[in-house]
Amino acid sequence: MKKFIVLIAIAVLAVCSVAAFAGCGAQADYNVGIMQWVSHPALDQSAKGFKERLETLIFEQGKTVKFNTKNAAGDGGNASSASGVLVAKNVDMIFAIATPAVQAVSAATSDIPIVFTAVTSAKSAGLDKATNVTGATDLNDVEKQVELMYKLKPDAKKFGILYTTSEDNSTLQKDMAIAAMKARGMSDANIVTKGISESSNIESAFVYFKKENVDCIYIPTDNMLADNADTVHAVNKNTGANIPIVCGETGMSEKCGVATYGVDYYNLGVQAAEMAFEILVNGKKPSEIAVKDPVVTDADFSYNEKVAQAIGFTIPDEVKNIGKNA
C-alpha cells in the first residue's frame, strides 16, 4: 500500500514538472500582468501574439512564465482598479494593450516595467517621460489611408472622419487625416468630422454624413468603434448612407470597411514580447529600449468585396491591384 502511494506521488510530481506553464502549485520564474482595455479582434490578437512569443522565448531559456490577465471592458474605473491589483501582486512586468490601459497602469506604478502595444503615440498619451514604459505603437500610415480614399473615390468632393472623442489615439489620427486631406487640396469646408462619445451616437453620425453628401469616410484605429464595427456597417446600410469606409486596421475593415492598409496586431504583440524578454531575462530597463512604430507597405493592403457589395459600391480595379506584386 505504501509503495502504491509513493508511486502516485512520483507520478503527480512528474505531471507538475511537465505542465510547468499550467501551474500545478509551482512558482513560475516570471509573473507578467496583462492589462487589456477591451476585447475586440485587434487587441485580442495582440494579447495572443505577446503570450505565445514570450512563452516560447522564456521556455528556450529553460524557465517558466505565468500570466495574470485583466480586462477593463472599456471602463476607466475598471482599468484603474485592475491596474492596482496587478501592482499589489508585485508582478515582474505589465503588458498594457491600448492607450487607456497603459495610461491606467502608468498612473498606478512608476517602478514596475511596462511594455505596451496598440498605442498610437506615446507622446500624445503622456507616456514619453515615463522611464518605466516602452512598447510597440500601432500608428498606421494615415497619409496612405487618405491616398487610398482618393483612389476609391477619384471624383470625391467631401471626406468624412468618424472618431471617438475620449480616445487620444483616435483624436491624434483625426488631426493627421485632416492635415493629409488638406495637403491634397481638400478644403476645411469639405472635411466633415464627427466625434462621438458612445456607440449610440453611431447612427446619428451616419445620418449627418449622408446629409452632408460625404463621399468616403476614414475611421482611425479606434477602440470603441472597432468594438462596434458590426454596428457601423449595419447603420451605414440601414440609414441609406452606403458610404465606402477606410478603417485604420484590418480587423475592423473585415466588418465594415472596403479597403485598408492594415497593421498586423498579432505581430505587434510579438514585437512587444521581444521587448519584454529583453527586460525580464536580459535585465534591460524600459528606458533603454526605444519605442517602435510599425512599417506599413503594400503587402499590408487588403480590400473587402463583401462589404462593398452590401453598400452597393464598386471597388476600382486600380485599388484591387494594390499589393499584388508586393
# chains A, B, ... in the order shown; residues from 1 in each chain; ligands from 1
$ select_by_dssp --residues "segment 7-131 of chain A" --states "helix (DSSP H, G or I)" --output "number ranges by chain"
A: 7-18, 20-22, 41-60, 76-88, 99-108
$ residues_around --residues "Glu203 of chain A" --least-positions-apart "3" --cutoff "8 Å" --atoms "only C-alpha atoms" --output "short mmCIF file (atom, residue, chain, number, x, y, z; two decimals) with N, CA and C atoms, in the first residue's frame"
data_model
loop_
_atom_site.label_atom_id
_atom_site.label_comp_id
_atom_site.auth_asym_id
_atom_site.auth_seq_id
_atom_site.Cartn_x
_atom_site.Cartn_y
_atom_site.Cartn_z
N SER A 200 -24.09 54.61 -29.13
CA SER A 200 -25.44 55.01 -29.53
C SER A 200 -25.42 56.23 -30.45
N PHE A 206 -23.94 58.78 -39.04
CA PHE A 206 -24.13 58.42 -40.45
C PHE A 206 -25.28 59.19 -41.09
N VAL A 207 -26.28 59.53 -40.31
CA VAL A 207 -27.34 60.40 -40.83
C VAL A 207 -26.73 61.74 -41.23
N VAL A 232 -21.44 49.69 -37.04
CA VAL A 232 -21.06 50.69 -38.04
C VAL A 232 -21.54 50.27 -39.42
N VAL A 235 -25.48 50.27 -39.63
CA VAL A 235 -26.01 51.63 -39.68
C VAL A 235 -25.72 52.29 -41.02
N ASN A 236 -24.54 52.03 -41.55
CA ASN A 236 -24.18 52.58 -42.86
C ASN A 236 -25.20 52.14 -43.92
N THR A 239 -29.27 53.36 -42.74
CA THR A 239 -29.59 54.78 -42.89
C THR A 239 -29.60 55.18 -44.36
#
$ atom_distance --atom1 "atom CA of Ala259 of chain A" --atom2 "atom CA of Asn223 of chain A"
18.5 Å
$ residues_around --residues "Tyr218 of chain A" --least-positions-apart "5" --cutoff "7 Å" --atoms "only C-alpha atoms" --output "list in words"
Gly160, Ile161, Leu162, Ile245, Val246 and Cys247 of chain A
$ write_last_selection --atoms "C-alpha atoms" --output "PDB file, in the first residue's frame"
ATOM      1  CA  GLY A 160     -15.718  62.329 -43.539  1.00  0.00           C
ATOM      2  CA  ILE A 161     -13.854  61.278 -40.392  1.00  0.00           C
ATOM      3  CA  LEU A 162     -15.547  59.304 -37.613  1.00  0.00           C
ATOM      4  CA  ILE A 245     -15.168  53.375 -45.358  1.00  0.00           C
ATOM      5  CA  VAL A 246     -11.398  53.147 -44.955  1.00  0.00           C
ATOM      6  CA  CYS A 247     -10.564  51.781 -41.495  1.00  0.00           C
TER       7      CYS A 247
END
$ residues_around --residues "Gly269 of chain A" --least-positions-apart "2" --cutoff "7 Å" --atoms "only C-alpha atoms" --output "count of residues only"
11
$ atom_distance --atom1 "atom CA of Gly240 of chain A" --atom2 "atom CA of Gly257 of chain A"
15.9 Å
$ closest_atom_pairs --of "segment 162-264 of chain A" --to "segment 25-39 of chain A" --cutoff "12 Å" --atoms "only C-alpha atoms" --output "tab-separated table"
residue	atom	partner	partner_atom	distance
A:Glu167	CA	A:Trp37	CA	11.6
A:Asp222	CA	A:Val38	CA	11.3
A:Asn223	CA	A:Val38	CA	7.6
A:Met224	CA	A:Val38	CA	8.6
A:Leu225	CA	A:Val38	CA	11.5
A:Ala226	CA	A:Ser39	CA	9.6
A:Asp227	CA	A:Ser39	CA	7.4
A:Asn228	CA	A:Ser39	CA	10.9
$ write_last_selection --atoms "N, CA and C atoms" --output "mmCIF file, in the first residue's frame"
data_model
loop_
_atom_site.group_PDB
_atom_site.id
_atom_site.type_symbol
_atom_site.label_atom_id
_atom_site.label_comp_id
_atom_site.auth_asym_id
_atom_site.auth_seq_id
_atom_site.Cartn_x
_atom_site.Cartn_y
_atom_site.Cartn_z
ATOM 1 N N GLU A 167 -10.817 59.160 -26.897
ATOM 2 C CA GLU A 167 -9.621 58.362 -27.162
ATOM 3 C C GLU A 167 -8.528 59.227 -27.781
ATOM 4 N N ASP A 222 -9.513 52.951 -33.588
ATOM 5 C CA ASP A 222 -10.368 53.473 -32.525
ATOM 6 C C ASP A 222 -10.999 52.299 -31.791
ATOM 7 N N ASN A 223 -10.768 52.184 -30.486
ATOM 8 C CA ASN A 223 -11.224 51.011 -29.738
ATOM 9 C C ASN A 223 -12.741 50.869 -29.673
ATOM 10 N N MET A 224 -13.443 51.958 -29.391
ATOM 11 C CA MET A 224 -14.894 51.856 -29.266
ATOM 12 C C MET A 224 -15.531 51.504 -30.612
ATOM 13 N N LEU A 225 -15.065 52.140 -31.678
ATOM 14 C CA LEU A 225 -15.644 51.869 -32.989
ATOM 15 C C LEU A 225 -15.256 50.480 -33.493
ATOM 16 N N ALA A 226 -14.050 50.026 -33.159
ATOM 17 C CA ALA A 226 -13.650 48.669 -33.531
ATOM 18 C C ALA A 226 -14.530 47.652 -32.810
ATOM 19 N N ASP A 227 -14.857 47.941 -31.551
ATOM 20 C CA ASP A 227 -15.708 47.058 -30.762
ATOM 21 C C ASP A 227 -17.134 47.041 -31.292
ATOM 22 N N ASN A 228 -17.495 48.067 -32.067
ATOM 23 C CA ASN A 228 -18.854 48.182 -32.618
ATOM 24 C C ASN A 228 -18.837 48.220 -34.148
#
$ residues_around --residues "segment 172-185 of chain A" --least-positions-apart "2" --cutoff "9 Å" --atoms "only C-alpha atoms" --output "PyMOL selection string"
chain A and resi 120-121+124+139-140+142-143+145-147+159+161-163+167-170+187-188+191+193+218-221
$ residues_around --residues "Asp264 of chain A" --least-positions-apart "5" --cutoff "10 Å" --atoms "only C-alpha atoms" --output "list of chain:residue names"
A:Ala42, A:Gln45, A:Ser46, A:Asp138, A:Glu249, A:Thr250, A:Gly251, A:Gly269, A:Pro294, A:Val296, A:Asp300
$ closest_residue --among "A:Ile279, A:Thr314, A:Ala79, A:Cys216" --to "Ala107 of chain A" --atoms "only C-alpha atoms"
A:Ala79
